[in-house]
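Peer 1: There's a structure below that I have some questions on.
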Amino acid sequence: MDKKAIVYINQFFGQVGGEEAADHPPEIKEGAVGAAQALAAEFAGDITHTVICGDNFMSSNQEEATARILEMLEDIDFDIFFAGPAFQAGRYGNACGAIGKAVKEEFAVPVISSMNEENPGVEMFKKDIYIFPGGRSGAKMREDAKKMAEFGNEILTSEGPFPADEYGFYKRGIRHQYFRPDEKTAAERALDMLLKKMKGEEYTSELPIPEVDRVDIAPAIEDLSQVKVALVSSGGIVPVGNPDRIQSASATRWGKYNIAGMDRLENRASEGFKTIHAGFDPAAADEDPNRVVPVDALRKFEEEGRIGKLHDEFYVTVGTGTTVGEAARMGQEIAEDLKDAGVQAVILTST
Amino acid sequence: MAKEIERAGITIVQMANLVPVAKTTGANRIVPTISIPYPLGDPKTPEDEQWKVRYTRVGAALDALETDIEDQTVFKVG
């Protein structure tokens with residue numbers, strides 16, 4: 001195979017030294033140096049260079065280290081980048097993930113690593129690069145390197161897609177569109193699943209919902225008439241121009257919009273509010289956004305004294321294709337804002 | 001999102017049509033809505049009917065905020 005690879009390893013596996021050499025600044029050497037040879041043994045192409053960097057240098061000067069390494073790679077022609085294996089070494093895992101992500105973004109080549117499931121680098125970077133489950137220590141070097149190299153051979157010679165289930169790397173939560181070899185339509189597959197479910201047989205969902213941790217139940221509000229209530233929605237209701245450019249799917253942004261003095265949300269035709277949510281027919285929400293964000297009903301309850309006050313801003317994002325991670329981050333940011341505003345109770349509407 | 005807001009100590013009720021999803025994603029107080037594209041008012045029904053649906057369900061959500069619960073609870077409406 002006529003493909004070129006570059007390998008990133010730390011000072012220890014690059015044979016510079018142990019902990020005393022952890023401040024070693026990044027350097028690049030020709031060929032497969034130190035532990036990179038374990039990859040060279042299985043990789044069908046050619047490992048042309050090895051980048052070596054001290055773990056501490058990387059963790060305390062990550063920006064500088066990354067910039068220096070990217071500069072070293074600028075004039076080198078390569079097809080794939082390996083980082084590690086990093087086993088259970090936290091700093092090394094972070095280094096492999098950080099440089100791997102940067103290389104992938106800068107040079108658009110596949111990046112493959114290996115880490116033990118306990119390595120924090122897995123959670124941090126499994127969405128950015130391919131990370132294979134690995135052993136706890138260097139004793140598993142040969143095995144872990146083999147997995148990385150074999151997947152490298154595969155990804156450079158086949159077309160994909162490369163499902164995590166089949167190849168064994170940590171799931172990245174990325175969906176691909178492709179033609180199934182068996183050409184079974186969604187309807188047929190859904191019926192197969194339903195029949196299996198009815199017979200009490202095992203089946204595999206195509207939309208696995210990630211396990212979630214529970215959160216302590218917040219205490220009941222004693223008297224809502226003394227409290228400021230806010231509206232939050234994942235239904236994509238925004239002012240007609242979508243000023244914050246919230247995405248219609250897989251959102252990473254949220255907005256808050258002032259409703260002080262409004263009895264209701266005016267609709268799209270009146271240049272008021274509309275939905276940008278790509279996951280449902282927008283007609284009903286555009287015609288009357290209160291169907292999704294019930295400002296009118298809450299104003300009525302405010303007038304009746306049922307609630308103390310409707311918060312002057314409502315909060316919104318789009319909840320389709322949005323990852324659990326992004327939703328959690330946006331939730332945290334919105335919660336901060338609500339707390340600063342003295343909001344004690346929230347109605348969240350979802351579509 | 002509901003979970004993170006609740007984690008911050010703010011009492012929250014989620015109004016959702018896909019109740020099983022709301023349950024899985026960790027909302028503790030849930031009030032069902034009538035559909036996905038129009039959670040609180042079916043455009044095929046008269047205005048006053050839509051208002052009734054919205055007022056009743058939002059009212060149920062307010063009741064839920066004032067209700068002490070031990071476990072995740074899906075509140076009945078009306």
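Residues in the structure tokens are numbered from 1 in each chain, the chains being A, B, ... in the order shown, and ligands are numbered from 1 in the order shown.
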Could you work out which residues of chain A fall inside 7 Å of chain B? Count only C-alpha atoms, and format the result as number ranges by chain.
Peer 2: A: 212, 214-222, 280-282, 284-285, 291-292, 297, 327-328, 330-332, 335, 344-351
Peer 1: Write out the residues from the selection above, keeping C-alpha atoms, as a PDB file, in the first residue's frame.
Peer 2:
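Final file, result-v8.pdb:
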```pdb
ATOM      1  CA  VAL A 212     -28.751   8.983  31.267  1.00  0.00           C
ATOM      2  CA  ARG A 214     -30.957  10.888  37.038  1.00  0.00           C
ATOM      3  CA  VAL A 215     -31.038  14.226  38.720  1.00  0.00           C
ATOM      4  CA  ASP A 216     -32.523  14.949  42.140  1.00  0.00           C
ATOM      5  CA  ILE A 217     -36.115  16.086  41.951  1.00  0.00           C
ATOM      6  CA  ALA A 218     -36.359  19.802  42.648  1.00  0.00           C
ATOM      7  CA  PRO A 219     -38.780  20.642  45.474  1.00  0.00           C
ATOM      8  CA  ALA A 220     -42.333  21.707  44.663  1.00  0.00           C
ATOM      9  CA  ILE A 221     -42.966  25.446  44.564  1.00  0.00           C
ATOM     10  CA  GLU A 222     -45.086  26.345  47.552  1.00  0.00           C
ATOM     11  CA  PHE A 280     -41.744  18.861  12.047  1.00  0.00           C
ATOM     12  CA  ASP A 281     -44.136  20.685   9.705  1.00  0.00           C
ATOM     13  CA  PRO A 282     -43.797  24.351  10.711  1.00  0.00           C
ATOM     14  CA  ALA A 284     -49.094  25.273  12.767  1.00  0.00           C
ATOM     15  CA  ALA A 285     -46.270  26.891  14.752  1.00  0.00           C
ATOM     16  CA  ARG A 291     -49.118  26.672  20.276  1.00  0.00           C
ATOM     17  CA  VAL A 292     -45.468  25.877  21.021  1.00  0.00           C
ATOM     18  CA  ALA A 297     -51.823  31.338  28.438  1.00  0.00           C
ATOM     19  CA  ALA A 327     -28.171  19.791  25.007  1.00  0.00           C
ATOM     20  CA  ALA A 328     -26.583  19.426  28.447  1.00  0.00           C
ATOM     21  CA  MET A 330     -26.972  24.578  26.571  1.00  0.00           C
ATOM     22  CA  GLY A 331     -29.129  23.519  29.523  1.00  0.00           C
ATOM     23  CA  GLN A 332     -26.354  24.494  31.916  1.00  0.00           C
ATOM     24  CA  ALA A 335     -29.837  27.493  33.940  1.00  0.00           C
ATOM     25  CA  GLN A 344     -37.519  29.753  40.365  1.00  0.00           C
ATOM     26  CA  ALA A 345     -39.772  27.725  38.098  1.00  0.00           C
ATOM     27  CA  VAL A 346     -39.642  26.740  34.436  1.00  0.00           C
ATOM     28  CA  ILE A 347     -42.063  25.326  31.902  1.00  0.00           C
ATOM     29  CA  LEU A 348     -40.130  23.620  29.116  1.00  0.00           C
ATOM     30  CA  THR A 349     -42.089  22.803  25.981  1.00  0.00           C
ATOM     31  CA  SER A 350     -40.717  20.281  23.515  1.00  0.00           C
ATOM     32  CA  THR A 351     -41.848  19.264  20.065  1.00  0.00           C
TER      33      THR A 351
END
```
Peer 1: Apply DSSP to the backbone of this structure and, from segment 222-299 of chain A, keep only the residues in helix (DSSP H, G or I); write these as a tab-separated table (two decimals) with C-alpha atoms, in the first residue's frame.
Peer 2:
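Written file, states_21.tsv:
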```tsv
chain	number	residue	atom	x	y	z
A	224	LEU	CA	-46.46	30.14	42.40
A	225	SER	CA	-48.12	33.50	42.91
A	226	GLN	CA	-44.92	34.63	44.62
A	283	ALA	CA	-47.23	25.47	9.45
A	284	ALA	CA	-49.09	25.27	12.77
A	285	ALA	CA	-46.27	26.89	14.75
A	286	ASP	CA	-45.76	29.67	12.19
A	287	GLU	CA	-49.46	30.42	12.16
A	289	PRO	CA	-46.32	30.33	17.85
A	290	ASN	CA	-48.25	30.26	21.16
A	291	ARG	CA	-49.12	26.67	20.28
A	295	VAL	CA	-47.02	33.11	26.16
A	296	ASP	CA	-50.75	33.95	25.88
A	297	ALA	CA	-51.82	31.34	28.44
A	298	LEU	CA	-49.11	32.36	30.89
A	299	ARG	CA	-50.06	36.02	30.57
```
Peer 1: Can you list, as a PyMOL selection string, every protein, DNA or RNA residue that comes within 7 Å of Phe314 of chain A when you count only C-alpha atoms, leaving out same-chain residues fewer than 3 positions away?
Peer 2: chain A and resi 230-232+256-258
